[in-house]
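Student: This is the structure, below, for whatever I ask next.
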Protein chains: 2
Amino acid sequence: MAKPEQDRLGLPSGQDAKLSRASVGRFSLYLRHLERLRLDGTPTVSSGQLGDALGITDAQVRKDLAYLGNLGQPGIGYPAPELIQALRQRLGVDRTWKVVVVGVGNLARALLRYRGFERQGFRFVALFDAERSKVGQEIDGLKVYGTADMAAVIKEQHAELGVVAVPAPAAQEVTDALVAAGVEGILNFAPTLLRLPPGVSLVSVDLAVQLEQLAFLVHLTQNGGV
Amino acid sequence: MAKPEQDRLGLPSGQDAKLSRASVGRFSLYLRHLERLRLDGTPTVSSGQLGDALGITDAQVRKDLAYLGNLGQPGIGYPAPELIQALRQRLGVDRTWKVVVVGVGNLARALLRYRGFERQGFRFVALFDAERSKVGQEIDGLKVYGTADMAAVIKEQHAELGVVAVPAPAAQEVTDALVAAGVEGILNFAPTLLRLPPGVSLVSVDLAVQLEQLAFLVHLTQNGGV
C-alpha cells in the first residue's frame, strides 16, 4: 500500500504533491457550497459563481476542478449533482466514515455538536475517557467508554478515524492505542507532535498555531507587508 | 498599508508567497520545541535535531530558518535564545496580543483552557455572548459581556484579535461588529465563509474540513495513492 508522505501539518506530498492541501481544502468548501445550491434546486454552477462564493478567482476554480475530469461545459458551467458526486468521491466522503473520540472535554462536546458532520459522511460511534466519573455517561446519544475498552469497541464498530482530544501528555499513548485497535487516521487536537507508524494518516489542528498564524498576518498588515 | 491577499483558508499570497503557510506553521512548531529545549538549558540546536523533533528533513529546517537571517553556524547549530527571539519576532508574537472571544460555548471553553496561549503572547481579555443567561458569568476569571457591549469593551481593552465561536448563521454579523469595533484579525470557527473588509486578516478553522482532509488522506492510503 503506497502511503503518501505527510509533513507535520498533514500536507500530502510526493506523488500527490500536485494536488495541494489548499486544493483539497477548497474541495471541501466547493462541496459545502454546492450542497447548499442543490438544496435550492440549481442544476448548474459556473466557475465564476463558485469563485465569488469562496472569494477566489474563477481561474483557480477551473484549475482545481480540472482534477476531477472534464465536467465543465463552456457557457453552461458544471452540472451540480455530478460535481457534488465527483467531489465526494475525490475526497473519499461518498461513503460513511466511523469516528471515535478520545477525551470527553469541552472540545469533544463542541465537535459532537458541530453541525453537518453526519451529512458529510462522518458518524461518531463511540467516546472514550480515562476518567472513571465520565465512563458510562451519554453525550448526545453516545456512550462514554473507559480507555481499557478501546480495542474491543473500535474493532466491533469498525471505526477508521480517531479524534485525539486529550491533554498533550496523554496524546501519544492514546494515539498508540487507537492505532493498535486498527484506526487508520488521527485528527489530533493535542498541542504536541505525534509519532505514527507508516500507513496511518494524521491531520493536526493546533489551536495555538492557528492563533499565531493570525497574529502573523495582522503583524504583516500592520507593518506594511514583509 | 499593504495587505497581503489571502485565500479563503487564510493563506498569504502575493509578496509573501515565498514564505508559505506551511513554513509559518512550522515556525510555530519550531518555536514550541525550542521553548521546551530552553527550559532544559540547551544553548544550541542543530537543524537535524529540529528536523527529528518535527519529523521533517534538516534541509527543510535550514530552508525555513534561512528566512530569519544567518543565525546558524556550521558544526555548531543555532543559538537557541537568539533563534527563539527571531522566530517570535518573525511571527509577531514578541509582544502581547489581546484577544476577545464571541460565543461562549464548548469551543470557547476549550480554547480558554488550552495551555500555553498566555506564554505565547496571547491574552484573552473579554468574552461576549448574545444569550442573556450567560452575560455576567465568569469563565476562567473572564467576564462574559452582552454583544451590545462589544464596541465599548474592545476599544477600552485595545483588543486586536477576535475569535468567532458562534453558530454559522450568526457569524457574519458578529464578525462585522468585531471589525467595526477595531479588531484587525478574525479566527473563525463557524463553518461558513466570512466577508471581511481589506486590512482585516482571517484564519478559518473548519473542523469538518479538517475531518474531510483526514478522510481524504486515509482514502488515498486505502487506494494505494492517487
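Chain labels A, B, ... are given in the sequence in which chains occur in the C-alpha cells; within each chain residues are numbered consecutively from 1, and ligands are likewise numbered from 1 in the order shown.
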Write down as a PyMOL selection string the residues of range 56-187 of chain A whose backbone DSSP state falls under strand (DSSP E).
Tutor: chain A and resi 78-79+97-102+122-129+138-139+142-146+161-164+185-187
Student: Please, could you write that set of residues out with N, CA and C atoms as a PDB file, in the first residue's frame?
Tutor:
```pdb
ATOM      1  N   TYR A  78     -20.841  23.788 -14.697  1.00  0.00           N
ATOM      2  CA  TYR A  78     -20.731  22.421 -14.199  1.00  0.00           C
ATOM      3  C   TYR A  78     -22.109  21.940 -13.755  1.00  0.00           C
ATOM      4  N   PRO A  79     -22.468  20.691 -14.103  1.00  0.00           N
ATOM      5  CA  PRO A  79     -23.725  20.156 -13.577  1.00  0.00           C
ATOM      6  C   PRO A  79     -23.560  19.885 -12.080  1.00  0.00           C
ATOM      7  N   TRP A  97     -17.790   7.326   7.167  1.00  0.00           N
ATOM      8  CA  TRP A  97     -16.592   7.069   7.960  1.00  0.00           C
ATOM      9  C   TRP A  97     -17.008   7.021   9.421  1.00  0.00           C
ATOM     10  N   LYS A  98     -16.633   5.960  10.084  1.00  0.00           N
ATOM     11  CA  LYS A  98     -16.943   5.872  11.508  1.00  0.00           C
ATOM     12  C   LYS A  98     -15.794   6.455  12.321  1.00  0.00           C
ATOM     13  N   VAL A  99     -16.160   7.297  13.261  1.00  0.00           N
ATOM     14  CA  VAL A  99     -15.184   8.084  14.009  1.00  0.00           C
ATOM     15  C   VAL A  99     -15.357   7.851  15.508  1.00  0.00           C
ATOM     16  N   VAL A 100     -14.242   7.679  16.207  1.00  0.00           N
ATOM     17  CA  VAL A 100     -14.295   7.664  17.678  1.00  0.00           C
ATOM     18  C   VAL A 100     -13.542   8.881  18.210  1.00  0.00           C
ATOM     19  N   VAL A 101     -13.921   9.310  19.394  1.00  0.00           N
ATOM     20  CA  VAL A 101     -13.288  10.471  20.020  1.00  0.00           C
ATOM     21  C   VAL A 101     -12.729  10.039  21.372  1.00  0.00           C
ATOM     22  N   VAL A 102     -11.464  10.367  21.618  1.00  0.00           N
ATOM     23  CA  VAL A 102     -10.867  10.067  22.911  1.00  0.00           C
ATOM     24  C   VAL A 102     -10.629  11.381  23.653  1.00  0.00           C
ATOM     25  N   PHE A 122     -19.609  11.579   8.105  1.00  0.00           N
ATOM     26  CA  PHE A 122     -18.896  11.182   9.318  1.00  0.00           C
ATOM     27  C   PHE A 122     -19.888  10.800  10.410  1.00  0.00           C
ATOM     28  N   ARG A 123     -19.669   9.630  10.970  1.00  0.00           N
ATOM     29  CA  ARG A 123     -20.552   9.198  12.043  1.00  0.00           C
ATOM     30  C   ARG A 123     -19.738   8.888  13.292  1.00  0.00           C
ATOM     31  N   PHE A 124     -19.990   9.625  14.359  1.00  0.00           N
ATOM     32  CA  PHE A 124     -19.333   9.347  15.631  1.00  0.00           C
ATOM     33  C   PHE A 124     -19.969   8.101  16.217  1.00  0.00           C
ATOM     34  N   VAL A 125     -19.160   7.110  16.547  1.00  0.00           N
ATOM     35  CA  VAL A 125     -19.722   5.846  17.035  1.00  0.00           C
ATOM     36  C   VAL A 125     -19.392   5.544  18.495  1.00  0.00           C
ATOM     37  N   ALA A 126     -18.355   6.187  19.040  1.00  0.00           N
ATOM     38  CA  ALA A 126     -18.038   5.933  20.448  1.00  0.00           C
ATOM     39  C   ALA A 126     -17.132   7.026  21.001  1.00  0.00           C
ATOM     40  N   LEU A 127     -17.251   7.219  22.314  1.00  0.00           N
ATOM     41  CA  LEU A 127     -16.394   8.166  23.028  1.00  0.00           C
ATOM     42  C   LEU A 127     -15.614   7.400  24.084  1.00  0.00           C
ATOM     43  N   PHE A 128     -14.400   7.871  24.356  1.00  0.00           N
ATOM     44  CA  PHE A 128     -13.576   7.230  25.384  1.00  0.00           C
ATOM     45  C   PHE A 128     -13.001   8.282  26.310  1.00  0.00           C
ATOM     46  N   ASP A 129     -12.903   7.926  27.569  1.00  0.00           N
ATOM     47  CA  ASP A 129     -12.242   8.823  28.512  1.00  0.00           C
ATOM     48  C   ASP A 129     -11.590   8.000  29.614  1.00  0.00           C
ATOM     49  N   GLU A 138     -23.770   9.395  28.885  1.00  0.00           N
ATOM     50  CA  GLU A 138     -24.139   9.522  27.473  1.00  0.00           C
ATOM     51  C   GLU A 138     -24.070  10.982  27.070  1.00  0.00           C
ATOM     52  N   ILE A 139     -23.421  11.260  25.943  1.00  0.00           N
ATOM     53  CA  ILE A 139     -23.332  12.634  25.451  1.00  0.00           C
ATOM     54  C   ILE A 139     -23.866  12.651  24.023  1.00  0.00           C
ATOM     55  N   LEU A 142     -24.334   9.325  22.641  1.00  0.00           N
ATOM     56  CA  LEU A 142     -23.172   8.435  22.518  1.00  0.00           C
ATOM     57  C   LEU A 142     -22.648   8.045  23.891  1.00  0.00           C
ATOM     58  N   LYS A 143     -22.317   6.765  24.036  1.00  0.00           N
ATOM     59  CA  LYS A 143     -21.846   6.282  25.320  1.00  0.00           C
ATOM     60  C   LYS A 143     -20.354   6.545  25.494  1.00  0.00           C
ATOM     61  N   VAL A 144     -19.972   6.928  26.712  1.00  0.00           N
ATOM     62  CA  VAL A 144     -18.556   7.099  27.035  1.00  0.00           C
ATOM     63  C   VAL A 144     -18.018   5.790  27.618  1.00  0.00           C
ATOM     64  N   TYR A 145     -16.985   5.236  26.962  1.00  0.00           N
ATOM     65  CA  TYR A 145     -16.337   4.017  27.429  1.00  0.00           C
ATOM     66  C   TYR A 145     -15.022   4.360  28.120  1.00  0.00           C
ATOM     67  N   GLY A 146     -14.571   3.466  28.961  1.00  0.00           N
ATOM     68  CA  GLY A 146     -13.237   3.602  29.540  1.00  0.00           C
ATOM     69  C   GLY A 146     -12.187   3.297  28.479  1.00  0.00           C
ATOM     70  N   LEU A 161     -11.459   6.262  11.869  1.00  0.00           N
ATOM     71  CA  LEU A 161     -10.845   7.541  12.226  1.00  0.00           C
ATOM     72  C   LEU A 161     -10.963   7.780  13.732  1.00  0.00           C
ATOM     73  N   GLY A 162      -9.925   8.369  14.301  1.00  0.00           N
ATOM     74  CA  GLY A 162      -9.925   8.666  15.729  1.00  0.00           C
ATOM     75  C   GLY A 162      -9.561  10.122  15.977  1.00  0.00           C
ATOM     76  N   VAL A 163     -10.328  10.770  16.836  1.00  0.00           N
ATOM     77  CA  VAL A 163     -10.046  12.147  17.216  1.00  0.00           C
ATOM     78  C   VAL A 163      -9.364  12.137  18.584  1.00  0.00           C
ATOM     79  N   VAL A 164      -8.181  12.748  18.656  1.00  0.00           N
ATOM     80  CA  VAL A 164      -7.441  12.822  19.909  1.00  0.00           C
ATOM     81  C   VAL A 164      -7.696  14.189  20.532  1.00  0.00           C
ATOM     82  N   GLY A 185      -6.646   6.762  10.652  1.00  0.00           N
ATOM     83  CA  GLY A 185      -6.405   8.201  10.556  1.00  0.00           C
ATOM     84  C   GLY A 185      -6.672   8.868  11.890  1.00  0.00           C
ATOM     85  N   ILE A 186      -5.805   9.831  12.230  1.00  0.00           N
ATOM     86  CA  ILE A 186      -5.889  10.528  13.518  1.00  0.00           C
ATOM     87  C   ILE A 186      -6.089  12.020  13.260  1.00  0.00           C
ATOM     88  N   LEU A 187      -7.122  12.571  13.882  1.00  0.00           N
ATOM     89  CA  LEU A 187      -7.291  14.028  13.909  1.00  0.00           C
ATOM     90  C   LEU A 187      -6.864  14.480  15.295  1.00  0.00           C
TER      91      LEU A 187
END
```
Student: Excluding range 203-215 of chain B and its own-chain neighbours fewer than 4 positions away, which residues fall within 7 Å of it when counting only C-alpha atoms? Please give them as a list in words.
Tutor: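 After dropping sequence-adjacent residues, the list is Val24, Gly25, Ser28, Leu91, Gly92, Phe117, Gly185, Leu187, Ser201, Leu202, Val203, Gln210 and Leu214 of chain A; Leu9, Gly10, Ile186, Leu187, Asn188, Phe189, Ala190, Pro191 and His219 of chain B.
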Student: Could you save the residues just selected, with N, CA and C atoms, as a PDB file, in the first residue's frame?
Tutor:
```pdb
ATOM      1  N   VAL A  24      -7.309  20.642  -1.742  1.00  0.00           N
ATOM      2  CA  VAL A  24      -8.176  19.695  -1.034  1.00  0.00           C
ATOM      3  C   VAL A  24      -9.095  20.459  -0.075  1.00  0.00           C
ATOM      4  N   GLY A  25      -8.529  21.475   0.587  1.00  0.00           N
ATOM      5  CA  GLY A  25      -9.342  22.307   1.467  1.00  0.00           C
ATOM      6  C   GLY A  25     -10.460  22.981   0.692  1.00  0.00           C
ATOM      7  N   SER A  28     -13.436  20.768  -0.175  1.00  0.00           N
ATOM      8  CA  SER A  28     -14.421  20.706   0.909  1.00  0.00           C
ATOM      9  C   SER A  28     -15.355  21.915   0.856  1.00  0.00           C
ATOM     10  N   LEU A  91     -12.799  13.216  -2.491  1.00  0.00           N
ATOM     11  CA  LEU A  91     -12.462  13.431  -1.083  1.00  0.00           C
ATOM     12  C   LEU A  91     -12.614  12.151  -0.268  1.00  0.00           C
ATOM     13  N   GLY A  92     -13.200  11.134  -0.883  1.00  0.00           N
ATOM     14  CA  GLY A  92     -13.409   9.899  -0.133  1.00  0.00           C
ATOM     15  C   GLY A  92     -14.567   9.990   0.840  1.00  0.00           C
ATOM     16  N   PHE A 117     -21.626  17.151  10.308  1.00  0.00           N
ATOM     17  CA  PHE A 117     -20.700  16.025  10.173  1.00  0.00           C
ATOM     18  C   PHE A 117     -21.399  14.819   9.551  1.00  0.00           C
ATOM     19  N   GLY A 185      -6.646   6.762  10.652  1.00  0.00           N
ATOM     20  CA  GLY A 185      -6.405   8.201  10.556  1.00  0.00           C
ATOM     21  C   GLY A 185      -6.672   8.868  11.890  1.00  0.00           C
ATOM     22  N   LEU A 187      -7.122  12.571  13.882  1.00  0.00           N
ATOM     23  CA  LEU A 187      -7.291  14.028  13.909  1.00  0.00           C
ATOM     24  C   LEU A 187      -6.864  14.480  15.295  1.00  0.00           C
ATOM     25  N   SER A 201      -2.649   7.967   8.755  1.00  0.00           N
ATOM     26  CA  SER A 201      -2.644   9.381   8.372  1.00  0.00           C
ATOM     27  C   SER A 201      -2.907  10.277   9.570  1.00  0.00           C
ATOM     28  N   LEU A 202      -2.416  11.494   9.450  1.00  0.00           N
ATOM     29  CA  LEU A 202      -2.533  12.445  10.557  1.00  0.00           C
ATOM     30  C   LEU A 202      -2.919  13.822  10.040  1.00  0.00           C
ATOM     31  N   VAL A 203      -3.912  14.426  10.660  1.00  0.00           N
ATOM     32  CA  VAL A 203      -4.166  15.856  10.490  1.00  0.00           C
ATOM     33  C   VAL A 203      -4.141  16.452  11.896  1.00  0.00           C
ATOM     34  N   GLN A 210      -2.892  28.173  15.030  1.00  0.00           N
ATOM     35  CA  GLN A 210      -3.850  28.942  14.244  1.00  0.00           C
ATOM     36  C   GLN A 210      -3.857  30.403  14.695  1.00  0.00           C
ATOM     37  N   LEU A 214      -2.690  33.836  12.635  1.00  0.00           N
ATOM     38  CA  LEU A 214      -3.497  35.049  12.538  1.00  0.00           C
ATOM     39  C   LEU A 214      -2.677  36.264  12.982  1.00  0.00           C
TER      40      LEU A 214
ATOM     41  N   LEU B   9      -8.643  30.052   2.922  1.00  0.00           N
ATOM     42  CA  LEU B   9      -8.046  29.280   4.012  1.00  0.00           C
ATOM     43  C   LEU B   9      -7.054  30.130   4.784  1.00  0.00           C
ATOM     44  N   GLY B  10      -6.989  31.436   4.423  1.00  0.00           N
ATOM     45  CA  GLY B  10      -6.106  32.321   5.153  1.00  0.00           C
ATOM     46  C   GLY B  10      -4.655  32.231   4.720  1.00  0.00           C
ATOM     47  N   ILE B 186      -9.400  37.959  12.570  1.00  0.00           N
ATOM     48  CA  ILE B 186     -10.503  37.091  12.988  1.00  0.00           C
ATOM     49  C   ILE B 186     -10.050  35.636  12.899  1.00  0.00           C
ATOM     50  N   LEU B 187     -10.208  34.906  13.995  1.00  0.00           N
ATOM     51  CA  LEU B 187     -10.039  33.449  13.971  1.00  0.00           C
ATOM     52  C   LEU B 187     -11.446  32.855  13.967  1.00  0.00           C
ATOM     53  N   ASN B 188     -11.832  32.283  12.834  1.00  0.00           N
ATOM     54  CA  ASN B 188     -13.221  31.853  12.645  1.00  0.00           C
ATOM     55  C   ASN B 188     -13.390  30.345  12.766  1.00  0.00           C
ATOM     56  N   PHE B 189     -14.235  29.928  13.682  1.00  0.00           N
ATOM     57  CA  PHE B 189     -14.553  28.504  13.824  1.00  0.00           C
ATOM     58  C   PHE B 189     -15.928  28.160  13.267  1.00  0.00           C
ATOM     59  N   ALA B 190     -16.692  29.154  12.847  1.00  0.00           N
ATOM     60  CA  ALA B 190     -18.018  28.878  12.300  1.00  0.00           C
ATOM     61  C   ALA B 190     -17.871  28.309  10.891  1.00  0.00           C
ATOM     62  N   PRO B 191     -18.610  27.234  10.577  1.00  0.00           N
ATOM     63  CA  PRO B 191     -18.460  26.613   9.252  1.00  0.00           C
ATOM     64  C   PRO B 191     -19.171  27.425   8.179  1.00  0.00           C
ATOM     65  N   HIS B 219      -8.271   7.670   2.600  1.00  0.00           N
ATOM     66  CA  HIS B 219      -8.818   7.190   1.335  1.00  0.00           C
ATOM     67  C   HIS B 219      -7.691   6.944   0.324  1.00  0.00           C
TER      68      HIS B 219
END
```
Student: Taking the DSSP assignment computed from this structure's backbone, write out as a ChimeraX atom specification all residues of range 2-191 of chain A that belong to alpha helix (DSSP H).
Tutor: /A:21-39,47-54,58-66,80-91,106-112,150-157,168-180
Student: Could you list, as a VMD selection string, every residue within 9 Å of Leu71 in chain B, counting only C-alpha atoms and ignoring same-chain residues fewer than 6 positions away?
Tutor: chain B and resid 65 77 to 79 82 to 83 86
Student: Keeping N, CA and C atoms for every residue in the selection just given, could you write it to a file as a PDB file, in the first residue's frame?
Tutor:
```pdb
ATOM      1  N   LEU B  65      14.556  28.282   8.224  1.00  0.00           N
ATOM      2  CA  LEU B  65      15.213  29.200   9.163  1.00  0.00           C
ATOM      3  C   LEU B  65      16.056  30.251   8.446  1.00  0.00           C
ATOM      4  N   GLY B  77      25.454  24.848  15.075  1.00  0.00           N
ATOM      5  CA  GLY B  77      23.992  24.901  15.078  1.00  0.00           C
ATOM      6  C   GLY B  77      23.492  26.314  15.300  1.00  0.00           C
ATOM      7  N   TYR B  78      22.262  26.392  15.772  1.00  0.00           N
ATOM      8  CA  TYR B  78      21.634  27.690  16.007  1.00  0.00           C
ATOM      9  C   TYR B  78      21.645  27.984  17.508  1.00  0.00           C
ATOM     10  N   PRO B  79      21.981  29.217  17.886  1.00  0.00           N
ATOM     11  CA  PRO B  79      21.881  29.560  19.306  1.00  0.00           C
ATOM     12  C   PRO B  79      20.396  29.641  19.690  1.00  0.00           C
ATOM     13  N   GLU B  82      18.612  33.147  20.683  1.00  0.00           N
ATOM     14  CA  GLU B  82      18.507  34.057  19.540  1.00  0.00           C
ATOM     15  C   GLU B  82      17.481  33.539  18.525  1.00  0.00           C
ATOM     16  N   LEU B  83      17.471  32.226  18.331  1.00  0.00           N
ATOM     17  CA  LEU B  83      16.526  31.649  17.369  1.00  0.00           C
ATOM     18  C   LEU B  83      15.088  31.838  17.872  1.00  0.00           C
ATOM     19  N   ALA B  86      14.186  35.431  17.276  1.00  0.00           N
ATOM     20  CA  ALA B  86      13.959  35.714  15.851  1.00  0.00           C
ATOM     21  C   ALA B  86      12.624  35.137  15.387  1.00  0.00           C
TER      22      ALA B  86
END
```
Student: What is the CA of Ser20 in chain A-CA of Ala59 in chain A distance in Å, reported with one decimal?
Tutor: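 So the two atoms, CA of Ser20 in chain A and CA of Ala59 in chain A, lie 15.9 Å apart.
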Student: CA of Thr175 in chain B and CA of Val45 in chain A, how far apart in Å?
Tutor: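 Straight-line distance from CA of Val45 in chain A to CA of Thr175 in chain B works out to 27.9 Å.
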Student: So that I can check the surroundings of Ala181 in chain B, please list as a list in words every protein, DNA and RNA residue that reaches within 9 Å of it, counting only C-alpha atoms and ignoring chain neighbours fewer than 6 positions away.
Tutor: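 Non-adjacent residues within range: Met150, Ala151, Ala152, Val153, Ile154 and Lys155 of chain B.
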